[in-house]
>>> print(open('input.txt').read())   # compact mmCIF, C-alpha atoms
# COMPACT_ATOMS: atom_id res chain seq x y z
CA MET A 1023 75.31 153.46 89.28
CA MET A 1024 75.82 157.15 90.06
CA THR A 1025 76.55 160.12 87.82
CA GLN A 1026 76.90 163.81 88.64
CA PRO A 1027 73.33 165.00 89.32
CA ARG A 1028 71.81 167.97 87.49
CA SER A 1029 68.69 169.94 88.22
CA GLY A 1030 65.59 168.00 87.24
CA LEU A 1031 67.45 164.82 86.29
CA LEU A 1032 67.51 161.53 88.17
CA SER A 1033 70.99 160.06 88.44
CA HIS A 1034 70.65 156.65 90.11
CA ILE A 1035 69.69 153.50 88.21
CA HIS A 1036 69.49 149.82 89.12
CA THR A 1037 69.44 148.30 85.63
CA ARG A 1038 72.69 146.56 84.69
CA ILE A 1039 74.22 148.13 81.59
CA CYS A 1040 75.45 145.38 79.26
CA THR A 1041 78.57 146.01 77.21
CA ASP A 1042 78.21 142.76 75.24
CA ASN A 1043 77.41 142.97 71.55
CA PHE A 1044 73.68 143.70 71.24
CA ASN A 1045 73.53 141.73 67.98
CA ASN A 1046 74.62 138.55 69.76
CA TYR A 1047 71.31 138.53 71.65
CA TYR A 1048 68.83 140.31 69.37
CA THR A 1049 67.92 140.24 65.69
CA LEU A 1050 66.93 143.55 64.15
CA LEU A 1051 63.97 143.17 61.82
CA GLY A 1052 64.97 146.13 59.68
CA ARG A 1053 61.74 147.99 60.27
CA GLU A 1054 62.15 151.41 61.86
CA LEU A 1055 59.41 152.26 64.34
CA GLY A 1056 60.54 155.85 64.68
CA ARG A 1057 63.43 158.23 64.03
CA GLY A 1058 64.56 161.50 65.53
CA LYS A 1059 67.60 163.72 65.45
CA PHE A 1060 69.55 161.73 68.05
CA ALA A 1061 67.81 158.37 68.22
CA VAL A 1062 66.20 155.64 66.16
CA VAL A 1063 63.79 152.91 67.28
CA LYS A 1064 63.78 149.53 65.56
CA LYS A 1065 61.76 146.40 66.03
CA CYS A 1066 63.80 143.40 67.14
CA THR A 1067 63.42 139.86 68.45
CA GLU A 1068 65.31 138.24 71.30
CA LYS A 1069 67.21 135.27 69.89
CA ALA A 1070 66.77 133.10 72.99
CA THR A 1071 62.98 133.51 73.23
CA GLY A 1072 61.76 134.89 69.89
CA LYS A 1073 59.94 137.63 71.80
CA GLU A 1074 59.46 140.99 70.07
CA TYR A 1075 60.86 144.22 71.50
CA ALA A 1076 61.53 147.82 70.45
CA ALA A 1077 65.21 148.79 70.56
CA LYS A 1078 65.87 152.50 71.04
CA PHE A 1079 69.38 153.45 69.86
CA MET A 1080 70.39 156.75 71.51
CA ARG A 1081 73.51 158.75 70.68
CA LYS A 1082 75.58 159.65 73.75
CA ARG A 1083 77.00 162.81 72.19
CA ARG A 1084 74.65 165.44 70.80
CA LYS A 1085 75.90 168.67 69.27
CA GLY A 1086 79.31 168.03 70.81
CA GLN A 1087 77.86 167.61 74.31
CA ASP A 1088 77.92 164.48 76.44
CA SER A 1089 74.27 163.47 76.84
CA ARG A 1090 74.74 160.23 78.76
CA MET A 1091 73.30 161.88 81.86
CA GLU A 1092 69.99 162.53 80.07
CA ILE A 1093 69.81 158.90 78.98
CA ILE A 1094 70.50 157.71 82.55
CA HIS A 1095 67.61 159.92 83.69
CA GLU A 1096 65.28 158.36 81.12
CA ILE A 1097 66.28 154.88 82.32
CA ALA A 1098 65.67 155.93 85.94
CA VAL A 1099 62.16 157.19 85.14
CA LEU A 1100 61.30 153.96 83.31
CA GLU A 1101 62.58 151.96 86.30
CA MET A 1102 60.48 154.01 88.69
CA ALA A 1103 57.36 153.46 86.56
CA LYS A 1104 57.89 149.72 86.06
CA SER A 1105 54.91 148.85 88.25
CA ASN A 1106 52.54 151.08 86.26
CA PRO A 1107 50.70 149.32 83.42
CA TRP A 1108 50.32 152.49 81.34
CA VAL A 1109 54.05 153.31 80.99
CA ILE A 1110 56.22 151.42 78.51
CA ASN A 1111 58.31 148.73 80.17
CA LEU A 1112 62.14 148.72 80.08
CA TYR A 1113 63.68 145.27 79.58
CA GLU A 1114 67.45 145.72 79.16
CA VAL A 1115 70.11 148.36 78.46
CA TYR A 1116 73.21 147.99 76.28
CA GLU A 1117 76.06 150.44 75.78
CA THR A 1118 78.62 150.92 73.01
CA PRO A 1119 81.30 153.63 72.74
CA SER A 1120 78.90 155.89 70.81
CA GLU A 1121 75.39 155.01 71.93
CA MET A 1122 73.11 153.43 74.49
CA ILE A 1123 70.42 150.92 73.50
CA LEU A 1124 67.21 150.67 75.50
CA VAL A 1125 65.34 147.40 74.92
CA LEU A 1126 61.69 148.29 75.46
CA GLU A 1127 58.31 146.62 75.39
CA TYR A 1128 56.91 146.44 71.86
CA ALA A 1129 53.52 148.13 71.42
CA ALA A 1130 52.09 146.53 68.27
CA GLY A 1131 49.27 149.07 67.79
CA GLY A 1132 51.59 151.99 67.10
CA GLU A 1133 50.89 155.64 67.92
CA ILE A 1134 47.41 156.95 68.68
CA PHE A 1135 48.46 159.70 66.26
CA ASN A 1136 47.44 157.41 63.40
CA GLN A 1137 43.87 157.23 64.70
CA CYS A 1138 43.76 160.97 65.38
CA VAL A 1139 44.47 161.87 61.74
CA ALA A 1140 42.33 159.12 60.21
CA ASP A 1141 39.10 159.95 58.38
CA ARG A 1142 36.45 160.76 60.95
CA GLU A 1143 34.59 157.52 60.15
CA GLU A 1144 37.70 155.53 61.11
CA ALA A 1145 38.90 157.83 63.90
CA PHE A 1146 38.35 157.39 67.63
CA LYS A 1147 34.79 157.43 68.89
CA GLU A 1148 34.16 159.47 72.04
CA LYS A 1149 33.59 156.29 74.05
CA GLU A 1150 37.03 155.03 72.98
CA VAL A 1151 38.67 158.36 73.83
CA LYS A 1152 37.14 158.19 77.32
CA ARG A 1153 38.61 154.74 77.96
CA LEU A 1154 42.05 155.65 76.64
CA MET A 1155 42.08 159.02 78.44
CA LYS A 1156 41.39 157.27 81.76
CA GLN A 1157 44.46 155.13 81.17
CA ILE A 1158 46.59 158.13 80.15
CA LEU A 1159 45.52 160.01 83.28
CA GLU A 1160 46.19 157.02 85.54
CA GLY A 1161 49.70 156.83 84.07
CA VAL A 1162 50.26 160.58 84.42
CA CYS A 1163 48.80 160.46 87.95
CA PHE A 1164 51.44 157.89 88.89
CA LEU A 1165 54.23 160.03 87.40
CA HIS A 1166 53.03 163.17 89.16
CA ARG A 1167 52.79 161.40 92.52
CA ASN A 1168 56.45 160.61 92.02
CA ASN A 1169 57.19 164.25 91.07
CA ILE A 1170 57.94 163.43 87.43
CA VAL A 1171 56.61 165.67 84.64
CA HIS A 1172 56.67 164.22 81.13
CA LEU A 1173 56.77 167.58 79.26
CA ASP A 1174 56.07 166.05 75.83
CA LEU A 1175 52.64 164.43 76.03
CA LYS A 1176 51.20 164.22 72.50
CA PRO A 1177 49.64 161.60 70.20
CA GLN A 1178 53.06 160.42 68.99
CA ASN A 1179 54.11 159.57 72.55
CA VAL A 1180 51.08 157.46 73.41
CA LEU A 1181 51.15 153.98 71.88
CA LEU A 1182 48.57 151.20 71.64
CA THR A 1183 49.19 147.57 72.56
CA SER A 1184 47.06 146.58 69.55
CA GLU A 1185 45.27 148.39 66.74
CA SER A 1186 42.36 146.02 66.15
CA PRO A 1187 40.73 145.37 68.46
CA LEU A 1188 41.72 148.67 70.02
CA GLY A 1189 44.21 147.90 72.80
CA ASP A 1190 45.46 149.73 75.86
CA ILE A 1191 47.81 152.71 75.97
CA LYS A 1192 51.52 152.94 76.77
CA ILE A 1193 53.15 156.30 77.51
CA VAL A 1194 56.60 156.56 75.94
CA ASP A 1195 59.58 158.89 75.39
CA PHE A 1196 60.76 160.37 78.68
CA GLY A 1197 63.69 162.16 77.04
CA LEU A 1198 62.32 165.60 78.00
CA SER A 1199 60.90 164.56 81.38
CA ARG A 1200 62.10 166.20 84.58
CA LYS A 1201 61.81 165.71 88.32
CA VAL A 1202 60.18 168.64 90.12
CA ASN A 1203 60.16 169.46 93.81
CA ASN A 1204 58.79 172.17 96.07
CA ASN A 1205 62.22 173.38 97.15
CA GLU A 1206 63.55 174.33 93.76
CA GLU A 1207 61.99 176.07 90.76
CA LEU A 1208 62.60 174.42 87.41
CA ARG A 1209 62.47 176.47 84.22
CA GLU A 1210 63.00 174.92 80.80
CA ILE A 1211 62.13 175.83 77.22
CA MET A 1212 61.21 172.45 75.78
CA GLY A 1213 58.36 170.47 74.30
CA THR A 1214 56.53 170.18 70.98
CA PRO A 1215 55.14 173.53 69.75
CA GLU A 1216 51.43 172.65 69.48
CA TYR A 1217 51.27 171.05 72.93
CA VAL A 1218 53.38 173.32 75.16
CA ALA A 1219 51.77 175.23 78.02
CA PRO A 1220 51.87 179.05 78.33
CA GLU A 1221 54.31 178.89 81.26
CA ILE A 1222 56.87 177.14 79.04
CA LEU A 1223 56.71 180.00 76.52
CA ASN A 1224 56.95 182.58 79.32
CA TYR A 1225 59.92 180.78 80.93
CA GLU A 1226 57.97 180.44 84.15
CA PRO A 1227 58.33 177.52 86.60
CA ILE A 1228 57.37 174.07 85.34
CA SER A 1229 55.03 171.93 87.42
CA THR A 1230 52.75 168.93 87.05
CA ALA A 1231 50.17 171.43 85.73
CA THR A 1232 52.35 171.80 82.61
CA ASP A 1233 51.47 168.22 81.64
CA MET A 1234 47.78 168.86 82.31
CA TRP A 1235 47.67 171.58 79.65
CA SER A 1236 49.12 169.09 77.16
CA ILE A 1237 46.45 166.55 78.15
CA GLY A 1238 43.81 169.17 77.36
CA VAL A 1239 45.30 169.63 73.88
CA LEU A 1240 45.64 165.87 73.47
CA THR A 1241 41.97 165.31 74.36
CA TYR A 1242 40.89 167.96 71.84
CA VAL A 1243 42.97 166.28 69.11
CA MET A 1244 41.73 162.76 69.93
CA LEU A 1245 38.10 163.87 69.78
CA THR A 1246 38.23 166.08 66.69
CA GLY A 1247 41.38 165.31 64.70
CA ILE A 1248 42.17 169.05 64.84
CA SER A 1249 45.17 170.72 66.47
CA PRO A 1250 43.59 173.57 68.50
CA PHE A 1251 46.48 176.07 68.63
CA LEU A 1252 48.22 175.38 65.34
CA GLY A 1253 49.38 178.41 63.37
CA ASP A 1254 51.08 178.77 60.01
CA ASP A 1255 54.43 178.82 61.81
CA LYS A 1256 55.74 178.27 65.34
CA GLN A 1257 55.47 181.96 66.21
CA GLU A 1258 51.76 182.03 65.36
CA THR A 1259 51.24 178.77 67.24
CA PHE A 1260 52.93 180.25 70.32
CA LEU A 1261 50.80 183.39 70.03
CA ASN A 1262 47.63 181.29 69.87
CA ILE A 1263 48.72 179.46 73.02
CA SER A 1264 49.67 182.58 74.98
CA GLN A 1265 46.40 184.30 74.02
CA LEU A 1266 44.33 181.14 74.53
CA ASN A 1267 42.94 181.35 71.00
CA VAL A 1268 40.97 178.12 70.95
CA SER A 1269 37.76 177.36 69.06
CA PHE A 1270 34.91 174.98 69.92
CA ALA A 1271 33.21 175.48 66.57
CA LYS A 1272 29.90 173.67 66.14
CA GLU A 1273 30.98 171.88 62.96
CA ASP A 1274 33.94 170.32 64.77
CA PHE A 1275 32.10 169.40 67.97
CA GLU A 1276 28.68 168.47 66.61
CA SER A 1277 29.06 164.86 67.78
CA ILE A 1278 30.99 165.63 70.98
CA SER A 1279 29.27 165.78 74.39
CA ASN A 1280 29.04 168.83 76.64
CA LEU A 1281 30.92 166.94 79.35
CA ALA A 1282 33.87 166.34 77.02
CA ILE A 1283 34.10 170.07 76.25
CA ASP A 1284 33.83 170.90 79.95
CA PHE A 1285 36.68 168.46 80.60
CA ILE A 1286 38.90 170.21 78.01
CA ASN A 1287 37.99 173.65 79.36
CA GLY A 1288 39.18 172.61 82.81
CA LEU A 1289 42.65 171.99 81.37
CA LEU A 1290 43.16 174.72 78.76
CA VAL A 1291 43.46 177.35 81.47
CA LYS A 1292 46.28 179.91 81.29
CA GLU A 1293 47.17 179.97 84.99
CA PRO A 1294 48.74 176.63 86.02
CA GLU A 1295 47.26 176.75 89.53
CA ASP A 1296 43.75 176.97 88.08
CA ARG A 1297 44.05 173.84 85.94
CA ALA A 1298 42.50 170.55 86.98
CA VAL A 1299 45.02 168.03 88.33
CA ALA A 1300 45.16 164.40 87.17
CA ASP A 1301 43.20 163.04 90.16
CA GLU A 1302 40.44 165.61 89.61
CA CYS A 1303 40.27 164.75 85.91
CA LEU A 1304 39.67 161.08 86.73
CA MET A 1305 36.73 162.15 88.89
CA HIS A 1306 35.28 164.45 86.22
CA PRO A 1307 31.74 163.35 85.21
CA TRP A 1308 32.90 162.79 81.62
CA LEU A 1309 35.22 159.99 82.77
CA ALA A 1310 33.71 158.95 86.09
CA HIS A 1311 30.25 158.05 84.78
CA GLU A 1312 28.72 156.59 81.67
CA SER A 1313 27.25 159.82 80.35
CA ASP A 1314 24.88 160.51 77.48
CA GLU A 1315 27.37 161.19 74.69
CA THR A 1316 24.61 162.38 72.38
CA ALA A 1317 24.18 165.52 74.49
CA LEU A 1318 25.65 168.07 72.13
CA VAL A 1319 27.03 171.53 72.72
CA PRO A 1320 24.29 174.17 72.77
CA GLU A 1321 24.59 176.65 69.92
CA ALA A 1322 24.87 179.58 72.34
CA SER A 1323 27.69 177.83 74.13
CA CYS A 1324 29.56 177.35 70.87
CA GLY A 1325 29.33 181.04 70.17
CA LYS A 1326 30.62 181.90 73.61
CA LEU A 1327 33.63 179.61 73.37
CA GLU A 1328 34.43 180.30 69.72
CA SER A 1329 37.10 182.90 70.33
CA ALA A 1330 39.24 184.21 73.13
CA ALA A 1331 39.10 187.71 71.57
CA PRO A 1332 35.43 188.63 70.98
CA GLU A 1333 36.27 192.22 70.14
CA ASP A 1334 38.04 190.93 67.05
CA SER A 1335 35.56 188.17 66.32
CA GLU A 1336 35.36 188.61 62.55
CA LYS A 1337 39.09 188.41 62.11
CA GLN A 1338 39.37 185.57 64.60
CA SER A 1339 36.58 183.69 62.81
CA GLN A 1340 38.54 183.86 59.56
CA GLU A 1341 41.68 182.72 61.34
CA THR A 1342 39.79 179.90 63.01
CA GLU A 1343 38.30 178.76 59.71
CA GLU A 1344 41.76 178.76 58.14
CA LEU A 1345 43.15 176.93 61.16
CA ILE A 1346 40.59 174.16 60.76
CA VAL A 1347 41.33 173.76 57.05
CA MET A 1348 45.07 173.86 57.58
CA ALA A 1349 45.16 171.78 60.77
CA SER A 1350 48.39 169.82 61.10
CA TYR A 1351 50.26 167.68 63.57
CA THR A 1352 53.84 167.09 64.53
CA VAL A 1353 55.43 163.71 63.90
CA ALA A 1354 59.17 163.20 64.01
CA GLN A 1355 59.59 160.05 61.95
CA CYS A 1356 58.28 161.59 58.70
CA ARG A 1357 59.26 164.66 56.67
CA GLN A 1358 57.29 166.57 54.08
CA SER A 1359 58.34 169.92 52.71
CA GLU A 1360 56.19 172.98 53.31
CA LYS A 1361 56.52 173.89 49.66
CA GLU A 1362 55.20 170.52 48.55
CA THR A 1363 52.30 170.74 50.97
CA LEU A 1364 51.18 174.17 49.80
CA LYS A 1365 50.77 172.82 46.27
CA THR A 1366 48.07 170.43 47.48
CA ASP A 1367 44.51 171.41 46.70
CA GLN A 1368 43.38 172.72 50.09
CA LYS A 1369 39.72 172.21 49.21
CA ALA A 1370 40.26 168.48 48.77
CA ILE A 1371 41.76 167.91 52.22
CA SER A 1372 40.91 168.83 55.79
CA LYS A 1373 44.39 168.38 57.26
CA ARG A 1374 47.86 169.51 56.30
CA PHE A 1375 50.83 167.73 57.82
CA LYS A 1376 53.75 169.66 59.22
CA PHE A 1377 56.45 167.42 60.64
CA GLU A 1378 58.43 168.76 63.56
CA GLU A 1379 60.38 167.38 66.48
CA PRO A 1380 60.34 168.61 70.09
CA PHE A 1381 62.39 171.74 70.67
CA SER A 1382 64.88 172.40 73.45
CA THR A 1383 64.88 176.16 72.91
CA LEU A 1384 62.49 178.51 71.15
CA GLN A 1385 64.99 178.95 68.32
CA GLU A 1386 66.06 175.35 67.92
CA ILE A 1387 64.37 172.00 67.46
CA SER A 1388 65.85 168.87 69.01
CA GLY A 1389 65.03 165.93 71.24
CA GLU A 1390 63.61 162.45 70.84
CA PHE A 1391 60.39 161.36 69.29
CA ILE A 1392 59.03 157.97 70.19
CA TYR A 1393 59.65 155.44 72.96
>>> encode(input="input.txt", output="structure tokens")
Amino acid sequence: MMTQPRSGLLSHIHTRICTDNFNNYYTLLGRELGRGKFAVVKKCTEKATGKEYAAKFMRKRRKGQDSRMEIIHEIAVLEMAKSNPWVINLYEVYETPSEMILVLEYAAGGEIFNQCVADREEAFKEKEVKRLMKQILEGVCFLHRNNIVHLDLKPQNVLLTSESPLGDIKIVDFGLSRKVNNNEELREIMGTPEYVAPEILNYEPISTATDMWSIGVLTYVMLTGISPFLGDDKQETFLNISQLNVSFAKEDFESISNLAIDFINGLLVKEPEDRAVADECLMHPWLAHESDETALVPEASCGKLESAAPEDSEKQSQETEELIVMASYTVAQCRQSEKETLKTDQKAISKRFKFEEPFSTLQEISGEFIY
């Protein structure tokens, strides 16, 4: 099936689009797995087999614009990645006059986000992060070899096949993904505020390096439960990203190995060409070898990495301390008002939740969320 191609979007798919009634073949279980502005994901079972799936219902018109082309692109990316074990599998596609329904593999363990924000005793251990990060990188490596950039890598878009015992990962939600090539520069303002790379904010060309920045942020969050660039609003978050205001405070990294910090530092680099690529990350000593995870960050090293603006260290230290206390994460399927949050006793909690969706421009939030 062919549609009019657009820059960065794939337009050819092989999957047959069924126009039969979806409900004749599947039973919705009523439980929403995720919700965004233009899509909802529900758990379902196939009537013929009883097998569980995740059905992603996607509106074809968004803000008065025909978005079928974007959905076709997402289907094409999922088709291309069918052979990769770390990308969610596409089973079937249905279409109605108003929406398209993607029947996807069901990942019973849910988002890794849930583990990231758990109490530290219940959160990921470094050994678990290493195993999961290898899988994430192998999936991203596959995408990048095929010139696909995800552009929204975050804890909400990495699922687990099972929660206990801890399963394997599945990368989901290719609604913001794009195809890049050497012959044409691609510039887009899109992503989720806390995870976007500096080049996105500067409207500079997107490349596979854009995903690698997000993997650096993702690793930081998985290891510490803290969002490294989060500000009180999007503008402050963007400023932290553009100025590389990131802290490796001793209290947050006291149980994290030197090699893990070195791994993150190789990715949170402002210039895209200086960032480690996915293949290099897989060969990094932190992932390539069973290292001594009890080797902690030297105190001097912590001081050196604490702030990107040493001349304003006192002010930055206060901002960093506030950032740690107020650390929050984006998650599209939940909402909680800022006003309600501010009433919470900040001394009693270490995280504050701010629920946002990916944005398609700096002024406007839109896009999908999960799967």
>>> closest_residue(input="input.txt", among="A:Val1268, A:Val1171, A:Ala1076, A:Ile1191", to="A:Phe1135", atoms="all atoms listed in the file")
A:Ile1191
>>> atom_distance(input="input.txt", atom1="atom CA of A:Phe1251", atom2="atom CA of A:Glu1216")
6.1 Å
>>> closest_residue(input="input.txt", among="A:Ala1231, A:Glu1068, A:Arg1057, A:Lys1176", to="A:Leu1290", atoms="only C-alpha atoms")
A:Ala1231
>>> atom_distance(input="input.txt", atom1="atom CA of A:Leu1055", atom2="atom CA of A:Gly1132")
8.3 Å
>>> residues_around(input="input.txt", residues="A:Val1115", least_positions_apart="6", cutoff="8 Å", atoms="all atoms listed in the file", output="list in words")
Thr1037, Arg1038, Ile1039, Cys1040, Met1122, Ile1123, Leu1124 and Val1125 of chain A
>>> residues_around(input="input.txt", residues="stretch 1145-1148 of chain A", least_positions_apart="5", cutoff="8 Å", atoms="all atoms listed in the file", output="PyMOL selection string")
chain A and resi 1137-1140+1244-1245+1247+1278+1315
>>> write_last_selection(input="input.txt", atoms="C-alpha atoms", output="PDB file, in the frame of the given file")
ATOM      1  CA  GLN A1137      43.870 157.230  64.700  1.00  0.00           C
ATOM      2  CA  CYS A1138      43.760 160.970  65.380  1.00  0.00           C
ATOM      3  CA  VAL A1139      44.470 161.870  61.740  1.00  0.00           C
ATOM      4  CA  ALA A1140      42.330 159.120  60.210  1.00  0.00           C
ATOM      5  CA  MET A1244      41.730 162.760  69.930  1.00  0.00           C
ATOM      6  CA  LEU A1245      38.100 163.870  69.780  1.00  0.00           C
ATOM      7  CA  GLY A1247      41.380 165.310  64.700  1.00  0.00           C
ATOM      8  CA  ILE A1278      30.990 165.630  70.980  1.00  0.00           C
ATOM      9  CA  GLU A1315      27.370 161.190  74.690  1.00  0.00           C
TER      10      GLU A1315
END
>>> atom_distance(input="input.txt", atom1="atom CA of A:Gly1086", atom2="atom CA of A:Gly1056")
23.2 Å
>>> closest_residue(input="input.txt", among="A:Ser1264, A:Asn1179, A:Thr1259, A:Gln1087", to="A:Trp1108", atoms="all atoms listed in the file")
A:Asn1179
>>> residues_near_point(input="input.txt", point="(35.7, 155.6, 84.4)", cutoff="12 Å", atoms="all atoms listed in the file", output="list in words")
Lys1149, Glu1150, Val1151, Lys1152, Arg1153, Leu1154, Met1155, Lys1156, Gln1157, Ile1158, Leu1159, Glu1160, Cys1303, Leu1304, Met1305, His1306, Pro1307, Trp1308, Leu1309, Ala1310, His1311, Glu1312 and Ser1313 of chain A
>>> closest_residue(input="input.txt", among="A:Ser1033, A:Asn1046, A:Ser1105, A:Ser1277", to="A:Lys1201", atoms="all atoms listed in the file")
A:Ser1033
>>> residues_around(input="input.txt", residues="A:Phe1164", least_positions_apart="3", cutoff="8 Å", atoms="only C-alpha atoms", output="PyMOL selection string")
chain A and resi 1103+1106+1160-1161+1167-1168
>>> closest_residue(input="input.txt", among="A:Arg1209, A:His1036, A:Lys1059, A:His1172", to="A:Glu1114", atoms="all atoms listed in the file")
A:His1036
>>> closest_residue(input="input.txt", among="A:Glu1293, A:Asp1301, A:Asp1284, A:Glu1185", to="A:Gly1238", atoms="only C-alpha atoms")
A:Asp1284
